[in-house]
Every structure is written in structure tokens, then in C-alpha cells.
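Q: Just passing along the structure, written as C-alpha cells.
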Amino acid sequence: MQERPPDPPVPASDDARLVAALRRGKEEAFLALVRRHQTSMLRVASAFVSSAAVAEEVVQEAWLGVLHGLDGFQGRSSLRSWIFGILTNCARSRGVRESRSAPFSSFTAPEEDEPIVDPSRFLGADHPRWPGHWASPPEQWAEEKLANKETLEFVRQAIAELPPAQNQVITLRDVEGWTSTETCEALGLSEANQRVLLHRARSKVRARVEQSMQGGSQ
Amino acid sequence: MTPQTASDLACRELVQLVSDYLEGVLPAAERDQFEQHIASCPGCDVYLRQMRELVRVSGRIAVGAPQPEPPPELLRMFAVWKTERAE
């Protein structure tokens, strides 16, 4: 254990102000934090548990953890990382408890699964000139379609339907914009495992968007 | 149709490497092979672009989300915590 400095180090100014106000019991500071992070926290929690109602309970539990842990916040990480660290701990334990008690089929979608691109999209390994090359290459997506609300909602839904570990990684990395280091720490993953999960997640969502862009089944 | 390049990385293999490429973790030799392939293969070029576009669209999910008012039970929880702390 390293020797502690006499006073907690001063974090980024906004964090410092909020933490100081919270320690004094200022409700406005708590409200400001909740407004700032609640939506993200619900989204992150939802990637770990089975329903929106449970995600709300997890987030509430995390806020309680934040308040009770406040005096231990040293400002070594940003306030945001610290809060989300507490959240992902709560969400992980809840997710584990749920998966133990859930019916076998409902929460055990396989993480090791089919090829990330349909093999029939490629020419066979025995093709005389172009083995393994595209038989049916992807087509460019129209910018206006990509920018519309329906696509956004479609992507959100496709992410929500991924197996839990893939959902968690893509939610933290691509939706919330966390770094790979932050994501690995929060999920207890190695960098390599995190990349495998991210790759599967993105590949599947890409395939779903491709289907929808071509007017296929959604 | 994809012209056969000296690197000989098949499209089927390239799609497996896209995230490693975007994460910047491909070793230099593989990265060069990857980039040479992309430069000469319209199909893989589109595939890579789509993966980048997807990351961008995913990031917009968080940006556009509404900020709801804090639920009343959180405020009650805060009040209890504050009282306990003052004791």
C-alpha cells in the first residue's frame, strides 16, 4: 500500500467542486451528477442484466455505493470513471446472480459461434483464380440512410440483442466511447479477449444493418 | 472482382482482421498487407468503411439520448444518506 498524501489530491476542477459539494450533503450536486450520468449508467447496466427494471435497480445500488464511498474517492481517476467502476461492479455481480438463477436457455446465448461473415459470401478455397475472395461483396451504404433515426434505432436494437459479453464490450467501446483499457478494467477482460468480443459484436451488427439496408428482414 | 495481389491475403481472411486493424494492433507487416489489399479490393474497402461507419453511428446512440429527471427514489436515498452522515 502506498503512503497516502495528507490531503486527497485535487481532481479536475469540476469533479473537485462536485465531490466537495456532495461531501457537504448538497442535493444540487447529487442531482447534477445524476442528470449527467443516469442515462449512460442505465444503458451500461442494461448490457449486464435481463431487463430495464433490473438495470434501474442496479443503477440505484451504484448511486448508493457512490455516496457511501465518497470519502474514499481520491481523484486518482476521473469522477466519471470512478462512478462507472462502481456501476460495472454492481452490474456484473447482478448479471452473474441472474445467470445462475435464469432458465438455461434464456441467458446463455453462445459467445463462441458462427463465422462473422456468411461463408457463402466468399468463393470457395478451391476456386481456381480467387480462392477466399468475395463472391458477393458488400455494397456501399447511402449516407442519408446511415444518418437517419431509424438506422440509429436499428443499431441500438441490434446491439441489445447481442450475447451479453459482446453487448457489454460494444456498449462501452462504441456507444459510450470508452478506451480499450477502461473497458478491460471494467469487465475484467484481457485486451485480446476484449478485441475478439468487439470484433464479433461489430461484425454481427454490420451484417444486421446490411440486411436492413438491402430491405431484408429486420 | 478483386485483382490478386502479391500479398495474397484473401478477403475472407481480411474481414477477420478489421477490428485489429482499427484498434491499431496489427503488426507492421500484416498492416501493410492489409492496406495493400484494401487499396486494390473495392469489396474489402467498402467492408472496412462500413465497420468505421458503424462505430460512428453507435457513438450517436449516446449523444442523442434524452436526460431524464432523477427518479424520486434516488432523492429519497440521498436524503437518508445525508441524515445518516450527519449523525
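Residue names in the C-alpha cells use chain letters A, B, ... in the order shown, residue numbers from 1 in each chain, and ligand numbers from 1 in the order shown.
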Please produce, as a Markdown table, a per-residue contact table for range 133-190 of chain A versus range 55-60 of chain B (criterion: any atom at most 7 Å away, only C-alpha atoms considered), showing the nearest atom pair and its distance in Å to one decimal, sorted by chain then residue number.

A:
```
| residue | atom | partner | partner_atom | distance |
| --- | --- | --- | --- | --- |
| A:Leu152 | CA | B:Val57 | CA | 6.5 |
| A:Val155 | CA | B:Ser58 | CA | 6.9 |
| A:Asp174 | CA | B:Gly59 | CA | 5.5 |
| A:Val175 | CA | B:Gly59 | CA | 4.4 |
| A:Glu176 | CA | B:Gly59 | CA | 6.6 |
| A:Gly177 | CA | B:Gly59 | CA | 6.7 |
```

Q: Give me a file of those residues, with C-alpha atoms, as a PDB file, in the first residue's frame.

A:
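Contents of selection_3.pdb, as written:
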```pdb
ATOM      1  CA  LEU A 152     -29.796   4.611 -35.201  1.00  0.00           C
ATOM      2  CA  VAL A 155     -28.296  -0.340 -34.466  1.00  0.00           C
ATOM      3  CA  ASP A 174     -18.557   2.235 -29.339  1.00  0.00           C
ATOM      4  CA  VAL A 175     -21.681   3.640 -27.690  1.00  0.00           C
ATOM      5  CA  GLU A 176     -20.105   5.166 -24.584  1.00  0.00           C
ATOM      6  CA  GLY A 177     -16.726   5.833 -26.210  1.00  0.00           C
TER       7      GLY A 177
END
```

Q: Using only C-alpha atoms, I'd like a table of the residues in chain A that come within 6 Å of chain B; for each, show the closest atom pair and its distance in Å rounded to one decimal, ordered by chain and ascending number, as a tab-separated table.

A:
```
residue	atom	partner	partner_atom	distance
A:Gly25	CA	B:Lys82	CA	5.8
A:Gly132	CA	B:Ala10	CA	5.2
A:His133	CA	B:Cys11	CA	4.7
A:Pro137	CA	B:Gly43	CA	4.9
A:Pro138	CA	B:Gly43	CA	5.9
A:Gln140	CA	B:Val46	CA	5.8
A:Asp174	CA	B:Gly59	CA	5.5
A:Val175	CA	B:Gly59	CA	4.4
A:His199	CA	B:Ser19	CA	5.4
```

Q: Please produce a file of the residues just selected, as an mmCIF file, in the first residue's frame, where the atoms kept are N, CA and C atoms.

A:
```cif
data_model
loop_
_atom_site.group_PDB
_atom_site.id
_atom_site.type_symbol
_atom_site.label_atom_id
_atom_site.label_comp_id
_atom_site.auth_asym_id
_atom_site.auth_seq_id
_atom_site.Cartn_x
_atom_site.Cartn_y
_atom_site.Cartn_z
ATOM 1 N N GLY A 25 -23.102 17.343 1.550
ATOM 2 C CA GLY A 25 -24.515 16.942 1.532
ATOM 3 C C GLY A 25 -25.399 17.798 0.643
ATOM 4 N N GLY A 132 -11.280 -17.696 -51.668
ATOM 5 C CA GLY A 132 -11.499 -16.885 -50.461
ATOM 6 C C GLY A 132 -11.811 -15.427 -50.717
ATOM 7 N N HIS A 133 -12.002 -15.063 -51.986
ATOM 8 C CA HIS A 133 -12.329 -13.662 -52.274
ATOM 9 C C HIS A 133 -13.846 -13.495 -52.367
ATOM 10 N N PRO A 137 -19.722 -9.179 -52.826
ATOM 11 C CA PRO A 137 -19.115 -8.135 -51.984
ATOM 12 C C PRO A 137 -20.167 -7.198 -51.387
ATOM 13 N N PRO A 138 -19.842 -6.571 -50.258
ATOM 14 C CA PRO A 138 -20.791 -5.614 -49.675
ATOM 15 C C PRO A 138 -20.943 -4.378 -50.551
ATOM 16 N N GLN A 140 -21.826 -0.250 -50.869
ATOM 17 C CA GLN A 140 -21.716 0.963 -50.061
ATOM 18 C C GLN A 140 -23.082 1.389 -49.508
ATOM 19 N N ASP A 174 -18.055 1.454 -28.204
ATOM 20 C CA ASP A 174 -18.557 2.235 -29.339
ATOM 21 C C ASP A 174 -19.702 3.182 -28.971
ATOM 22 N N VAL A 175 -20.561 2.758 -28.049
ATOM 23 C CA VAL A 175 -21.681 3.640 -27.690
ATOM 24 C C VAL A 175 -21.208 4.690 -26.690
ATOM 25 N N HIS A 199 -14.917 -7.419 -32.013
ATOM 26 C CA HIS A 199 -14.950 -7.761 -33.431
ATOM 27 C C HIS A 199 -16.215 -8.544 -33.780
#
```

Q: So which one's closest to Ser40 in chain A, A:Thr171, A:Asn89, A:Gln74, A:Ser99? Using only C-alpha atoms, please.

A: A:Thr171

Q: Go through A:Ala47, A:Val54, A:Asn193, A:Arg23 and flag the residue nearest Val66 in chain A, using only C-alpha atoms for the distances.

A: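 Nearest candidate to Val66 in chain A out of A:Ala47, A:Val54, A:Asn193, A:Arg23: A:Arg23.
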
Q: Could you give me the residues within range 2-213 of chain A that DSSP places in helix (DSSP H, G or I), as an MDAnalysis selection string?

A: chainID A and resid 13:23 27:46 52:72 79:101 119:121 143:147 149:160 164:175 180:187 191:213

Q: What is the distance between CA of Val49 in chain A and CA of Ser93 in chain A, in Å to one decimal?

A: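 Here the two named atoms are 9.6 Å from each other.
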
Q: At a cut-off of 9 Å, using only C-alpha atoms, what residues contact Val34 in chain A? Leave out same-chain residues fewer than 2 positions from it and give the result as an MDAnalysis selection string.

A: (chainID A and resid 29:32 36:39 63) or (chainID B and resid 69:70 74)
